[in-house]
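Containing CSV, C-alpha atoms: query.csv.
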```csv
chain,number,residue,atom,x,y,z
A,1,MET,CA,-108.8,-15.2,-69.5
A,2,SER,CA,-109.1,-12.8,-66.6
A,3,ALA,CA,-107.8,-9.3,-66.8
A,4,ALA,CA,-105.4,-10.0,-63.9
A,5,ARG,CA,-103.9,-13.0,-65.7
A,6,ARG,CA,-103.5,-11.0,-68.9
A,7,LEU,CA,-101.7,-8.3,-66.8
A,8,VAL,CA,-99.4,-10.8,-65.2
A,9,GLU,CA,-98.6,-12.4,-68.6
A,10,ALA,CA,-97.9,-8.9,-70.1
A,11,LEU,CA,-95.6,-8.0,-67.2
A,12,LEU,CA,-93.7,-11.3,-67.5
A,13,GLY,CA,-93.4,-10.8,-71.3
A,14,TRP,CA,-92.0,-7.3,-70.7
A,15,LEU,CA,-89.6,-8.6,-68.0
A,16,GLU,CA,-88.4,-11.4,-70.3
A,17,ALA,CA,-88.0,-9.0,-73.3
A,18,SER,CA,-86.0,-6.5,-71.2
A,19,GLY,CA,-83.7,-9.1,-69.7
A,20,LYS,CA,-85.0,-8.5,-66.2
A,21,ILE,CA,-86.7,-11.9,-65.8
A,22,GLY,CA,-83.5,-13.3,-64.2
A,23,ILE,CA,-83.7,-10.7,-61.4
A,24,LEU,CA,-87.4,-11.5,-60.8
A,25,ILE,CA,-86.7,-15.3,-60.6
A,26,LEU,CA,-83.8,-14.7,-58.2
A,27,VAL,CA,-86.0,-12.5,-55.9
A,28,THR,CA,-88.9,-14.9,-56.1
A,29,ASN,CA,-86.8,-17.9,-55.3
A,30,ARG,CA,-85.2,-16.1,-52.3
A,31,ALA,CA,-88.6,-15.1,-51.0
A,32,ARG,CA,-90.0,-18.6,-51.5
A,33,GLY,CA,-87.1,-20.1,-49.6
A,34,HIS,CA,-87.5,-17.6,-46.8
A,35,LEU,CA,-91.3,-18.2,-46.6
A,36,ALA,CA,-90.7,-22.0,-46.4
A,37,SER,CA,-88.7,-21.4,-43.1
A,38,VAL,CA,-91.5,-19.3,-41.5
A,39,PRO,CA,-94.4,-21.1,-39.9
A,40,THR,CA,-97.7,-20.5,-41.5
A,41,SER,CA,-99.1,-18.9,-38.3
A,42,GLN,CA,-96.4,-16.3,-38.4
A,43,ARG,CA,-96.6,-15.2,-42.0
A,44,LEU,CA,-97.9,-11.7,-42.8
A,45,TRP,CA,-101.5,-11.5,-44.0
A,46,ALA,CA,-101.7,-8.9,-46.8
A,47,PRO,CA,-104.6,-9.4,-49.3
A,48,TRP,CA,-104.6,-7.0,-52.2
A,49,GLN,CA,-107.4,-4.9,-50.6
A,50,LEU,CA,-105.3,-4.2,-47.6
A,51,VAL,CA,-102.2,-3.5,-49.7
A,52,ALA,CA,-104.3,-1.0,-51.9
A,53,LEU,CA,-105.7,0.6,-48.7
A,54,VAL,CA,-102.2,1.0,-47.3
A,55,LEU,CA,-100.8,2.5,-50.6
A,56,VAL,CA,-103.6,5.0,-51.0
A,57,THR,CA,-103.6,6.1,-47.4
A,58,THR,CA,-99.9,6.4,-47.3
A,59,VAL,CA,-99.8,8.5,-50.5
A,60,ASN,CA,-102.6,10.7,-48.9
A,61,TYR,CA,-100.5,11.3,-45.8
A,62,VAL,CA,-97.3,11.9,-47.8
A,63,TRP,CA,-99.1,14.4,-50.0
A,64,GLN,CA,-100.0,16.5,-46.9
A,65,VAL,CA,-96.3,17.7,-46.9
A,66,PRO,CA,-96.4,19.5,-50.2
A,67,TYR,CA,-100.0,20.6,-49.4
A,68,PHE,CA,-98.9,22.2,-46.1
A,69,LEU,CA,-95.8,23.8,-47.7
A,70,HIS,CA,-97.8,25.1,-50.6
A,71,PHE,CA,-100.5,26.7,-48.5
A,72,TYR,CA,-98.8,27.7,-45.3
A,73,GLY,CA,-95.0,27.6,-46.0
A,74,GLN,CA,-95.0,30.6,-48.4
A,75,PHE,CA,-96.8,32.8,-45.9
A,76,GLY,CA,-94.7,32.0,-42.9
A,77,LYS,CA,-97.7,31.4,-40.7
A,78,THR,CA,-99.2,28.0,-39.9
A,79,PRO,CA,-102.4,27.0,-38.3
A,80,GLY,CA,-101.6,25.9,-34.8
A,81,GLY,CA,-101.6,22.3,-33.9
A,82,LEU,CA,-102.4,20.7,-37.3
A,83,ALA,CA,-99.3,18.5,-37.3
A,84,VAL,CA,-100.3,16.8,-34.0
A,85,PRO,CA,-103.7,15.2,-35.3
A,86,LEU,CA,-102.0,14.4,-38.6
A,87,LEU,CA,-99.2,12.4,-36.9
A,88,LEU,CA,-101.6,10.8,-34.3
A,89,THR,CA,-104.0,9.6,-37.0
A,90,PHE,CA,-101.0,8.3,-39.1
A,91,VAL,CA,-99.7,6.3,-36.0
A,92,TRP,CA,-103.3,5.0,-35.5
A,93,PHE,CA,-103.4,3.8,-39.1
A,94,VAL,CA,-99.9,2.2,-38.9
A,95,VAL,CA,-100.9,0.4,-35.7
A,96,GLY,CA,-104.1,-0.9,-37.3
A,97,THR,CA,-102.1,-2.0,-40.4
A,98,VAL,CA,-99.4,-3.8,-38.4
A,99,MET,CA,-102.0,-5.5,-36.2
A,100,MET,CA,-104.0,-6.7,-39.2
A,101,MET,CA,-101.0,-7.9,-41.2
A,102,THR,CA,-99.6,-9.8,-38.2
A,103,LYS,CA,-103.1,-11.2,-37.4
A,104,ARG,CA,-103.2,-9.7,-33.9
A,105,ARG,CA,-106.5,-9.6,-32.0
A,106,GLY,CA,-108.1,-6.2,-32.3
A,107,GLY,CA,-106.5,-5.3,-35.6
A,108,VAL,CA,-109.8,-5.2,-37.5
A,109,THR,CA,-111.3,-3.0,-34.7
A,110,VAL,CA,-108.4,-0.5,-34.8
A,111,MET,CA,-108.5,-0.3,-38.6
A,112,ALA,CA,-112.3,0.0,-38.7
A,113,SER,CA,-112.2,2.8,-36.1
A,114,PHE,CA,-109.6,4.6,-38.1
A,115,LEU,CA,-111.5,4.3,-41.4
A,116,THR,CA,-114.7,5.4,-39.7
A,117,VAL,CA,-113.1,8.6,-38.4
A,118,GLU,CA,-111.5,9.2,-41.7
A,119,ALA,CA,-114.8,8.7,-43.6
A,120,LEU,CA,-116.6,11.0,-41.1
A,121,PHE,CA,-113.9,13.7,-41.7
A,122,TYR,CA,-114.3,13.5,-45.5
A,123,LEU,CA,-118.1,13.4,-45.2
A,124,VAL,CA,-118.0,16.6,-43.2
A,125,HIS,CA,-115.5,18.1,-45.7
A,126,TYR,CA,-117.7,17.3,-48.7
A,127,VAL,CA,-121.1,18.0,-47.1
A,128,SER,CA,-119.8,21.5,-46.1
A,129,GLY,CA,-119.1,22.2,-49.8
A,130,ALA,CA,-115.4,22.5,-49.4
A,131,GLY,CA,-114.7,19.2,-51.3
A,132,GLY,CA,-116.7,20.3,-54.3
A,133,ARG,CA,-114.9,23.6,-54.5
A,134,ASP,CA,-111.5,21.8,-54.2
A,135,LEU,CA,-112.1,19.5,-57.1
A,136,PHE,CA,-112.9,22.4,-59.5
A,137,THR,CA,-109.8,24.5,-58.9
A,138,SER,CA,-106.8,25.3,-61.1
A,139,ASP,CA,-104.5,24.6,-58.1
A,140,ALA,CA,-102.9,21.2,-58.8
A,141,VAL,CA,-101.7,20.7,-55.2
A,142,LEU,CA,-105.2,21.3,-53.8
A,143,PHE,CA,-106.8,19.1,-56.5
A,144,ILE,CA,-104.5,16.2,-55.9
A,145,ALA,CA,-105.1,16.4,-52.1
A,146,SER,CA,-108.9,16.4,-52.6
A,147,ALA,CA,-108.8,13.6,-55.2
A,148,LEU,CA,-106.7,11.4,-52.8
A,149,GLY,CA,-109.3,11.9,-50.2
A,150,LEU,CA,-112.1,10.6,-52.3
```
Rewrite the structure of this file - the entire thing - as structure tokens.
Amino acid sequence: MSAARRLVEALLGWLEASGKIGILILVTNRARGHLASVPTSQRLWAPWQLVALVLVTTVNYVWQVPYFLHFYGQFGKTPGGLAVPLLLTFVWFVVGTVMMMTKRRGGVTVMASFLTVEALFYLVHYVSGAGGRDLFTSDAVLFIASALGL
């Protein structure tokens, strides 16, 4: 039996034991009924790899808020213009995600270009030595931000 199957069976066992299985069945049936009315060509494409990428990248972007407040909010001075590239790259990521999930032409290209730029950013960050110093710090905010970027 595969690990994924064991995980699903354990989750279903927990839901059944906690009395939440009825809610899961209701939600599943509603989703199944909705999907039946949507043509196959219009359904969202979301394999687990894309879902994992979206989750990790979104958490990374969200974590930039406490990171920014921790390092710059307490001193009352901020490095100029950092919010602009952060927002632009997040929009870039969202556009690529939506294009891929809706199976639009160019979605893979947009997402691949985003991931290439992100990988180059982190490569420069770690080659410069900053990444290594960030991972061996007692500052939890900095450590989590660096670990998310791995």
Point-to-point distance in Å for atom CA of A:Tyr126 and atom CA of A:Phe90 |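 Answer for the atom CA of A:Phe90 to atom CA of A:Tyr126 separation: 21.3 Å.
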What separates atom CA of A:Gln64 and atom CA of A:Ile144 is a distance of 10.1 Å
Neighbours of point (-101.1, 5.0, -39.8) within 12 Å, using all atoms listed in the file, written as a ChimeraX atom specification | /A:53-62,85-99,110-111,113-115,118
When you draw a straight line from atom CA of A:Ala147 to atom CA of A:Pro66, how long is it in Å?
->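 One can read the atom CA of A:Ala147 to atom CA of A:Pro66 distance as 14.6 Å.
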Residues at most 9 Å from stretch 43-50 of chain A, counting all atoms listed in the file, excluding those fewer than 6 positions away in the same chain, as number ranges by chain?
-> A: 35, 97, 100-103
Keeping only C-alpha atoms, take the residues you just selected and write them out as a PDB file, in the coordinates of the input.
```
ATOM      1  CA  LEU A  35     -91.300 -18.200 -46.600  1.00  0.00           C
ATOM      2  CA  THR A  97    -102.100  -2.000 -40.400  1.00  0.00           C
ATOM      3  CA  MET A 100    -104.000  -6.700 -39.200  1.00  0.00           C
ATOM      4  CA  MET A 101    -101.000  -7.900 -41.200  1.00  0.00           C
ATOM      5  CA  THR A 102     -99.600  -9.800 -38.200  1.00  0.00           C
ATOM      6  CA  LYS A 103    -103.100 -11.200 -37.400  1.00  0.00           C
TER       7      LYS A 103
END
```
Select, from A:Ala52, A:Val65, A:Phe121, A:His70, the residue with the minimum atom-to-atom distance to A:Ala140, counting only C-alpha atoms.
-> A:His70
Residue nearest A:Phe143 among A:Val51, A:Gly129, A:Trp63, A:Arg105 (counting all atoms listed in the file) =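 Using all atoms listed in the file, A:Phe143 sits closest to A:Trp63.
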